[in-house]
$ cat data_8.cif   # mmCIF, C-alpha atoms and all ligand atoms
data_coords
#
loop_
_atom_site.label_atom_id
_atom_site.label_comp_id
_atom_site.auth_asym_id
_atom_site.auth_seq_id
_atom_site.Cartn_x
_atom_site.Cartn_y
_atom_site.Cartn_z
CA MET A 68 -22.13 5.40 18.20
CA ALA A 69 -24.75 3.55 16.12
CA GLY A 70 -26.86 6.70 16.04
CA ALA A 71 -23.96 8.79 14.77
CA ALA A 72 -23.19 6.24 12.05
CA SER A 73 -26.75 6.16 10.77
CA GLU A 74 -26.80 9.97 10.72
CA GLN A 75 -23.77 9.87 8.44
CA GLU A 76 -25.30 7.19 6.24
CA ARG A 77 -28.27 9.42 5.58
CA SER A 78 -25.99 12.10 4.20
CA PRO A 79 -25.58 11.66 0.40
CA GLU A 80 -22.42 13.78 0.43
CA SER A 81 -20.53 11.55 2.85
CA GLN A 82 -21.65 8.49 0.89
CA ALA A 83 -20.34 9.92 -2.35
CA VAL A 84 -16.91 10.37 -0.85
CA ARG A 85 -16.81 7.20 1.18
CA GLY A 86 -18.25 5.10 -1.63
CA ALA A 87 -15.28 5.70 -3.88
CA ARG A 88 -12.49 5.42 -1.38
CA ARG A 89 -9.25 4.09 -2.84
CA GLY A 90 -8.06 1.23 -0.62
CA LEU A 91 -4.66 1.22 1.03
CA LEU A 92 -2.22 -1.45 2.11
CA LEU A 93 -1.12 -0.97 5.71
CA VAL A 94 2.14 -2.82 6.27
CA LEU A 95 3.37 -3.49 9.82
CA SER A 96 6.88 -4.76 10.45
CA SER A 97 8.92 -5.22 13.61
CA PRO A 98 11.25 -7.70 15.22
CA SER A 99 9.42 -10.61 16.88
CA GLY A 100 8.30 -9.58 20.35
CA ALA A 101 7.78 -5.86 19.70
CA GLY A 102 4.00 -6.19 19.99
CA LYS A 103 3.10 -6.03 16.31
CA THR A 104 0.67 -8.97 16.33
CA THR A 105 -1.24 -7.58 19.34
CA LEU A 106 -1.51 -4.17 17.69
CA ALA A 107 -2.66 -5.73 14.41
CA ARG A 108 -5.38 -7.75 16.17
CA ARG A 109 -6.65 -4.70 18.04
CA LEU A 110 -6.80 -2.61 14.92
CA LEU A 111 -8.69 -5.32 13.06
CA ALA A 112 -11.18 -5.70 15.90
CA ALA A 113 -11.76 -1.94 15.97
CA ASP A 114 -12.09 -1.35 12.23
CA PRO A 115 -14.62 -3.16 10.04
CA SER A 116 -13.10 -1.69 6.84
CA LEU A 117 -9.80 -3.43 7.43
CA ARG A 118 -8.96 -7.01 6.37
CA MET A 119 -5.96 -9.02 7.49
CA SER A 120 -3.86 -10.53 4.75
CA VAL A 121 -3.47 -14.20 5.72
CA SER A 122 0.00 -15.36 4.69
CA VAL A 123 1.08 -18.80 3.65
CA THR A 124 4.04 -20.33 5.48
CA THR A 125 6.05 -23.53 5.60
CA ARG A 126 6.52 -23.03 9.38
CA PRO A 127 4.66 -25.60 11.49
CA PRO A 128 1.69 -24.21 13.46
CA ARG A 129 2.25 -23.15 17.07
CA PRO A 130 -0.19 -24.37 19.70
CA GLY A 131 -3.41 -22.38 19.37
CA GLU A 132 -2.76 -21.24 15.81
CA VAL A 133 -5.58 -21.95 13.38
CA ASP A 134 -5.01 -22.86 9.72
CA GLY A 135 -6.63 -20.27 7.48
CA ARG A 136 -6.88 -17.69 10.27
CA ASP A 137 -3.31 -17.14 11.52
CA TYR A 138 -1.63 -18.55 8.42
CA ARG A 139 -2.28 -21.07 5.71
CA PHE A 140 0.19 -23.77 6.69
CA ILE A 141 1.57 -25.38 3.55
CA ASP A 142 4.49 -27.63 2.60
CA PRO A 143 7.50 -26.46 0.56
CA ALA A 144 6.16 -28.15 -2.59
CA GLU A 145 2.91 -26.17 -2.43
CA PHE A 146 4.91 -23.01 -1.72
CA ALA A 147 7.00 -23.62 -4.85
CA ARG A 148 3.83 -24.21 -6.86
CA LEU A 149 2.33 -20.87 -5.76
CA GLN A 150 5.60 -19.13 -6.61
CA ALA A 151 5.81 -20.70 -10.06
CA ALA A 152 2.17 -19.85 -10.75
CA GLY A 153 2.84 -16.18 -9.96
CA GLU A 154 0.23 -16.16 -7.21
CA LEU A 155 2.39 -14.43 -4.59
CA LEU A 156 2.51 -10.67 -4.06
CA GLU A 157 5.75 -11.08 -2.12
CA TRP A 158 7.69 -13.82 -0.38
CA ALA A 159 10.66 -14.17 1.96
CA GLU A 160 12.61 -16.62 4.04
CA VAL A 161 12.35 -15.63 7.71
CA HIS A 162 13.98 -17.58 10.56
CA GLY A 163 14.57 -20.52 8.19
CA ASN A 164 10.96 -20.79 7.03
CA LEU A 165 9.22 -19.51 3.92
CA TYR A 166 6.45 -16.92 4.16
CA ALA A 167 4.41 -15.25 1.43
CA THR A 168 1.37 -13.10 0.72
CA PRO A 169 -1.10 -14.58 -1.78
CA GLU A 170 -2.03 -11.81 -4.21
CA ALA A 171 -5.63 -12.69 -5.12
CA ALA A 172 -7.14 -12.11 -1.66
CA VAL A 173 -5.45 -8.70 -1.41
CA LEU A 174 -6.74 -7.52 -4.77
CA GLU A 175 -10.25 -8.79 -3.98
CA ALA A 176 -10.33 -6.89 -0.69
CA LEU A 177 -9.12 -3.68 -2.33
CA LYS A 178 -11.71 -4.07 -5.08
CA ALA A 179 -14.39 -4.44 -2.42
CA GLY A 180 -13.37 -1.05 -1.02
CA LEU A 181 -11.52 -2.43 1.98
CA ASP A 182 -8.04 -1.68 3.30
CA VAL A 183 -5.63 -4.54 3.88
CA LEU A 184 -3.34 -5.05 6.87
CA PHE A 185 -0.05 -6.96 6.55
CA ASP A 186 2.14 -8.41 9.28
CA ILE A 187 5.28 -9.06 7.25
CA ASP A 188 9.03 -8.59 7.51
CA TRP A 189 11.24 -5.91 5.90
CA GLN A 190 11.88 -8.04 2.81
CA GLY A 191 8.18 -8.40 2.13
CA ALA A 192 7.60 -4.70 2.83
CA GLN A 193 10.21 -3.78 0.20
CA GLN A 194 8.55 -5.99 -2.42
CA ILE A 195 5.05 -4.70 -1.67
CA ARG A 196 6.25 -1.09 -1.96
CA GLU A 197 7.78 -1.90 -5.35
CA ARG A 198 4.61 -3.59 -6.57
CA MET A 199 1.90 -1.37 -5.08
CA GLY A 200 3.60 2.04 -4.89
CA GLN A 201 1.61 4.88 -3.38
CA ASP A 202 -1.13 2.60 -2.10
CA VAL A 203 1.26 1.30 0.57
CA VAL A 204 1.53 2.84 4.04
CA SER A 205 4.27 1.24 6.11
CA VAL A 206 4.73 1.32 9.88
CA PHE A 207 7.67 -0.01 11.85
CA ILE A 208 7.12 -1.02 15.48
CA LEU A 209 10.19 -0.70 17.73
CA PRO A 210 10.55 -2.15 21.22
CA PRO A 211 11.30 0.43 23.95
CA ASP A 212 14.64 -1.30 24.62
CA GLY A 213 16.55 -4.55 24.07
CA GLN A 214 15.74 -6.10 27.44
CA THR A 215 12.01 -5.67 26.92
CA LEU A 216 12.29 -7.36 23.53
CA GLU A 217 14.18 -10.33 24.99
CA ARG A 218 11.70 -10.66 27.86
CA ARG A 219 8.73 -10.62 25.50
CA LEU A 220 10.37 -13.27 23.32
CA ARG A 221 11.00 -15.50 26.33
CA GLU A 222 7.47 -15.06 27.68
CA ARG A 223 6.18 -16.70 24.51
CA ALA A 224 6.86 -20.08 26.05
CA GLN A 225 5.89 -21.83 22.82
CA ASP A 226 9.32 -21.30 21.29
CA SER A 227 12.40 -23.32 22.25
CA GLU A 228 15.60 -21.64 23.54
CA ASP A 229 17.23 -22.26 20.18
CA VAL A 230 14.39 -20.45 18.41
CA VAL A 231 14.55 -17.56 20.92
CA GLN A 232 18.28 -17.14 20.25
CA ARG A 233 17.77 -17.13 16.49
CA ARG A 234 15.00 -14.57 16.79
CA MET A 235 17.17 -12.29 18.95
CA ALA A 236 19.83 -12.35 16.23
CA ALA A 237 17.22 -11.71 13.54
CA ALA A 238 15.78 -8.81 15.57
CA ALA A 239 18.92 -6.74 14.99
CA THR A 240 18.65 -7.24 11.22
CA GLU A 241 14.95 -6.36 11.18
CA ILE A 242 15.50 -3.22 13.31
CA GLY A 243 18.21 -2.14 10.84
CA HIS A 244 15.44 -1.45 8.30
CA TRP A 245 13.38 0.98 10.39
CA GLY A 246 14.45 3.89 8.17
CA GLU A 247 12.59 2.48 5.14
CA TYR A 248 9.16 2.94 6.78
CA ASP A 249 6.74 5.88 6.56
CA TYR A 250 5.97 5.81 10.29
CA VAL A 251 7.75 4.48 13.37
CA ILE A 252 6.05 3.64 16.67
CA VAL A 253 8.07 2.92 19.80
CA ASN A 254 5.84 0.45 21.61
CA ALA A 255 6.43 1.30 25.26
CA ASP A 256 2.71 1.41 26.10
CA LEU A 257 0.21 -0.64 24.13
CA GLN A 258 -2.70 1.79 24.41
CA THR A 259 -0.58 4.75 23.29
CA SER A 260 0.83 2.75 20.40
CA PHE A 261 -2.63 1.60 19.37
CA SER A 262 -3.92 5.18 19.37
CA GLY A 263 -0.99 6.20 17.19
CA LEU A 264 -1.60 3.39 14.74
CA ALA A 265 -5.32 4.13 14.50
CA ALA A 266 -4.49 7.81 13.91
CA ILE A 267 -2.09 6.89 11.08
CA LEU A 268 -4.81 4.84 9.39
CA ALA A 269 -7.43 7.57 9.83
CA ALA A 270 -5.14 10.27 8.42
CA GLU A 271 -3.96 8.17 5.48
CA ARG A 272 -7.57 7.43 4.52
CA LEU A 273 -8.24 11.17 4.33
CA LYS A 274 -5.44 11.83 1.85
CA ARG A 275 -6.81 13.53 -1.24
CA VAL A 276 -5.56 10.81 -3.60
CA ARG A 277 -7.50 8.20 -1.65
CA GLN A 278 -10.78 10.04 -2.19
CA PRO A 279 -11.10 9.98 -5.98
CA ASP A 280 -14.70 11.23 -5.99
CA LEU A 281 -13.81 14.53 -4.32
CA PRO A 282 -14.09 16.60 -7.52
CA ASP A 283 -17.68 15.36 -8.06
CA PHE A 284 -18.46 15.85 -4.42
CA VAL A 285 -17.15 19.41 -4.41
CA ARG A 286 -19.07 20.18 -7.60
CA ALA A 287 -22.25 18.93 -5.91
CA VAL A 288 -21.55 21.08 -2.86
CA LEU A 289 -20.94 24.15 -5.04
CA ALA A 290 -24.06 23.49 -7.08
CA GLY A 291 -26.08 23.56 -3.89
CA LEU A 292 -24.80 26.98 -2.82
P1 LIG B 301 6.07 -15.83 12.97
O1 LIG B 301 6.68 -17.13 12.52
O2 LIG B 301 6.55 -15.42 14.32
O3 LIG B 301 4.57 -15.84 12.86
O4 LIG B 301 6.56 -14.71 11.95
C1 LIG B 301 7.91 -14.49 11.76
C2 LIG B 301 8.12 -13.26 10.90
O5 LIG B 301 7.64 -13.50 9.57
C3 LIG B 301 7.36 -12.02 11.39
O6 LIG B 301 8.27 -10.93 11.36
C4 LIG B 301 6.30 -11.82 10.38
O7 LIG B 301 6.00 -10.46 10.23
C5 LIG B 301 6.93 -12.38 9.13
N1 LIG B 301 5.93 -12.77 8.15
C6 LIG B 301 4.74 -13.35 8.37
N2 LIG B 301 4.07 -13.55 7.23
C7 LIG B 301 4.85 -13.05 6.24
C8 LIG B 301 4.69 -12.93 4.82
O8 LIG B 301 3.70 -13.33 4.23
N3 LIG B 301 5.72 -12.37 4.16
C9 LIG B 301 6.85 -11.92 4.77
N4 LIG B 301 7.77 -11.35 4.00
N5 LIG B 301 7.03 -12.01 6.10
C10 LIG B 301 6.04 -12.56 6.82
#

$ encode --input "data_8.cif" --output "structure tokens" --more "lines below"
Ligand code: 5GP
Amino acid sequence: MAGAASEQERSPESQAVRGARRGLLLVLSSPSGAGKTTLARRLLAADPSLRMSVSVTTRPPRPGEVDGRDYRFIDPAEFARLQAAGELLEWAEVHGNLYATPEAAVLEALKAGLDVLFDIDWQGAQQIRERMGQDVVSVFILPPDGQTLERRLRERAQDSEDVVQRRMAAAATEIGHWGEYDYVIVNADLQTSFSGLAAILAAERLKRVRQPDLPDFVRAVLAGL
């Protein structure tokens, strides 16, 4: 692997193309319990050019969640301040709590030539599409069936029965928006779903519009003929 990568790095052509890559925003949505968080973590671990967008939320942390890694946990007053200051790329109320994507970190990552991964609901996905247009690639993760979704929700023992019930009701609403997404993955098998997601990212990165230096690159290739 390392050998192959250093081979590529020695090639000026591949650097010219890769150096000017136009970053993309990869948006993942799904009902709670469809496996979206697991898929997002795997993709991040496998891909050094991808950064997670860390949301802010007024929801209290669950056991094991780390402030600044899983979310920035803030109070409603701070949320309102960020909103008023125009610092949020999108925001939504989900399951009675407020969630939002701070804009600055996203723009910084894109400027640094990275792609950004979002784990957000359908409301946030709509807003990001409106704001960021063709740079957005959206993927909806569906559970293989209703029973699997309910079981996965219950296995997350951190949530109370009341919360599980509310999330089941919200799942139907979230699933109703599947048709707004570019890609849909039915997550029956994690490895298969992960391969599909990685393939989506790889193909989207190769789109012509995301390689703005191609004309120069092609000119250089032709000049060397
Ligand atoms: P949880 O509380 O289980 O971490 O997340 C609940 C839901 O909120 C998930 O569907 C998640 O995708 C969504 N969510 C998390 N962060 C954001 C955000 O910044 N914006 C929006 N719109 N939804 C978010």

$ closest_residue --input "data_8.cif" --among "A:Ala112, A:Val206, A:Ala144, A:Leu289" --to "ligand LIG 301 (chain B)" --atoms "only C-alpha atoms and all ligand atoms"
A:Val206

$ residues_near_ligand --input "data_8.cif" --ligand "ligand LIG 301 (chain B)" --cutoff "6 Å" --atoms "all atoms listed in the file" --output "PDB file with C-alpha atoms, in the frame of the given file"
ATOM      1  CA  SER A  96       6.880  -4.760  10.450  1.00  0.00           C
ATOM      2  CA  PRO A  98      11.250  -7.700  15.220  1.00  0.00           C
ATOM      3  CA  SER A  99       9.420 -10.610  16.880  1.00  0.00           C
ATOM      4  CA  SER A 122       0.000 -15.360   4.690  1.00  0.00           C
ATOM      5  CA  TRP A 158       7.690 -13.820  -0.380  1.00  0.00           C
ATOM      6  CA  ALA A 159      10.660 -14.170   1.960  1.00  0.00           C
ATOM      7  CA  VAL A 161      12.350 -15.630   7.710  1.00  0.00           C
ATOM      8  CA  TYR A 166       6.450 -16.920   4.160  1.00  0.00           C
ATOM      9  CA  ALA A 167       4.410 -15.250   1.430  1.00  0.00           C
ATOM     10  CA  THR A 168       1.370 -13.100   0.720  1.00  0.00           C
ATOM     11  CA  ASP A 186       2.140  -8.410   9.280  1.00  0.00           C
ATOM     12  CA  ILE A 187       5.280  -9.060   7.250  1.00  0.00           C
ATOM     13  CA  ASP A 188       9.030  -8.590   7.510  1.00  0.00           C
ATOM     14  CA  GLN A 190      11.880  -8.040   2.810  1.00  0.00           C
ATOM     15  CA  GLY A 191       8.180  -8.400   2.130  1.00  0.00           C
TER      16      GLY A 191
END

$ closest_residue --input "data_8.cif" --among "A:Val253, A:Gln232, A:Ser262, A:Lys178" --to "Arg109 (chain A)" --atoms "all atoms listed in the file"
A:Ser262

$ residues_around --input "data_8.cif" --residues "Asp142 (chain A)" --least-positions-apart "2" --cutoff "10 Å" --atoms "only C-alpha atoms" --output "VMD selection string"
chain A and resid 123 to 127 139 to 140 144 to 147 165

$ write_last_selection --input "data_8.cif" --atoms "C-alpha atoms" --output "tab-separated table (two decimals), keeping the file's coordinate frame"
chain	number	residue	atom	x	y	z
A	123	VAL	CA	1.08	-18.80	3.65
A	124	THR	CA	4.04	-20.33	5.48
A	125	THR	CA	6.05	-23.53	5.60
A	126	ARG	CA	6.52	-23.03	9.38
A	127	PRO	CA	4.66	-25.60	11.49
A	139	ARG	CA	-2.28	-21.07	5.71
A	140	PHE	CA	0.19	-23.77	6.69
A	144	ALA	CA	6.16	-28.15	-2.59
A	145	GLU	CA	2.91	-26.17	-2.43
A	146	PHE	CA	4.91	-23.01	-1.72
A	147	ALA	CA	7.00	-23.62	-4.85
A	165	LEU	CA	9.22	-19.51	3.92

$ atom_distance --input "data_8.cif" --atom1 "CA of Leu117 (chain A)" --atom2 "CA of Leu93 (chain A)"
9.2 Å

$ closest_residue --input "data_8.cif" --among "A:Leu155, A:Val133, A:Leu177, A:Val203" --to "Leu268 (chain A)" --atoms "all atoms listed in the file"
A:Val203

$ closest_residue --input "data_8.cif" --among "A:His162, A:Gln214, A:Gly102, A:Val94" --to "Asp249 (chain A)" --atoms "only C-alpha atoms"
A:Val94

$ atom_distance --input "data_8.cif" --atom1 "CA of Arg218 (chain A)" --atom2 "CA of Arg234 (chain A)"
12.2 Å

$ residues_near_point --input "data_8.cif" --point "(19.7, -2.5, 19.9)" --cutoff "10 Å" --atoms "all atoms listed in the file" --output "ChimeraX atom specification"
/A:209-214,216,238-240,242-243

$ write_last_selection --input "data_8.cif" --atoms "C-alpha atoms" --output "CSV table (one decimal), keeping the file's coordinate frame"
chain,number,residue,atom,x,y,z
A,209,LEU,CA,10.2,-0.7,17.7
A,210,PRO,CA,10.6,-2.2,21.2
A,211,PRO,CA,11.3,0.4,24.0
A,212,ASP,CA,14.6,-1.3,24.6
A,213,GLY,CA,16.6,-4.6,24.1
A,214,GLN,CA,15.7,-6.1,27.4
A,216,LEU,CA,12.3,-7.4,23.5
A,238,ALA,CA,15.8,-8.8,15.6
A,239,ALA,CA,18.9,-6.7,15.0
A,240,THR,CA,18.6,-7.2,11.2
A,242,ILE,CA,15.5,-3.2,13.3
A,243,GLY,CA,18.2,-2.1,10.8

$ atom_distance --input "data_8.cif" --atom1 "CA of Gln278 (chain A)" --atom2 "CA of Val121 (chain A)"
26.5 Å

$ residues_around --input "data_8.cif" --residues "Arg118 (chain A)" --least-positions-apart "5" --cutoff "8 Å" --atoms "only C-alpha atoms" --output "VMD selection string"
chain A and resid 111 176 181 to 184

$ residues_around --input "data_8.cif" --residues "Tyr250 (chain A)" --least-positions-apart "6" --cutoff "9 Å" --atoms "only C-alpha atoms" --output "count of residues only"
6

$ axis_aligned_box --input "data_8.cif" --around "region 93-111 of chain A" --padding-each-side "6 Å" --output "lines of an AutoDock Vina configuration file"
center_x = 1.3
center_y = -5.8
center_z = 13.0
size_x = 31.9
size_y = 21.6
size_z = 26.6

$ closest_residue --input "data_8.cif" --among "A:Thr259, A:Gln201, A:Thr215, A:Asn254" --to "Arg277 (chain A)" --atoms "all atoms listed in the file"
A:Gln201
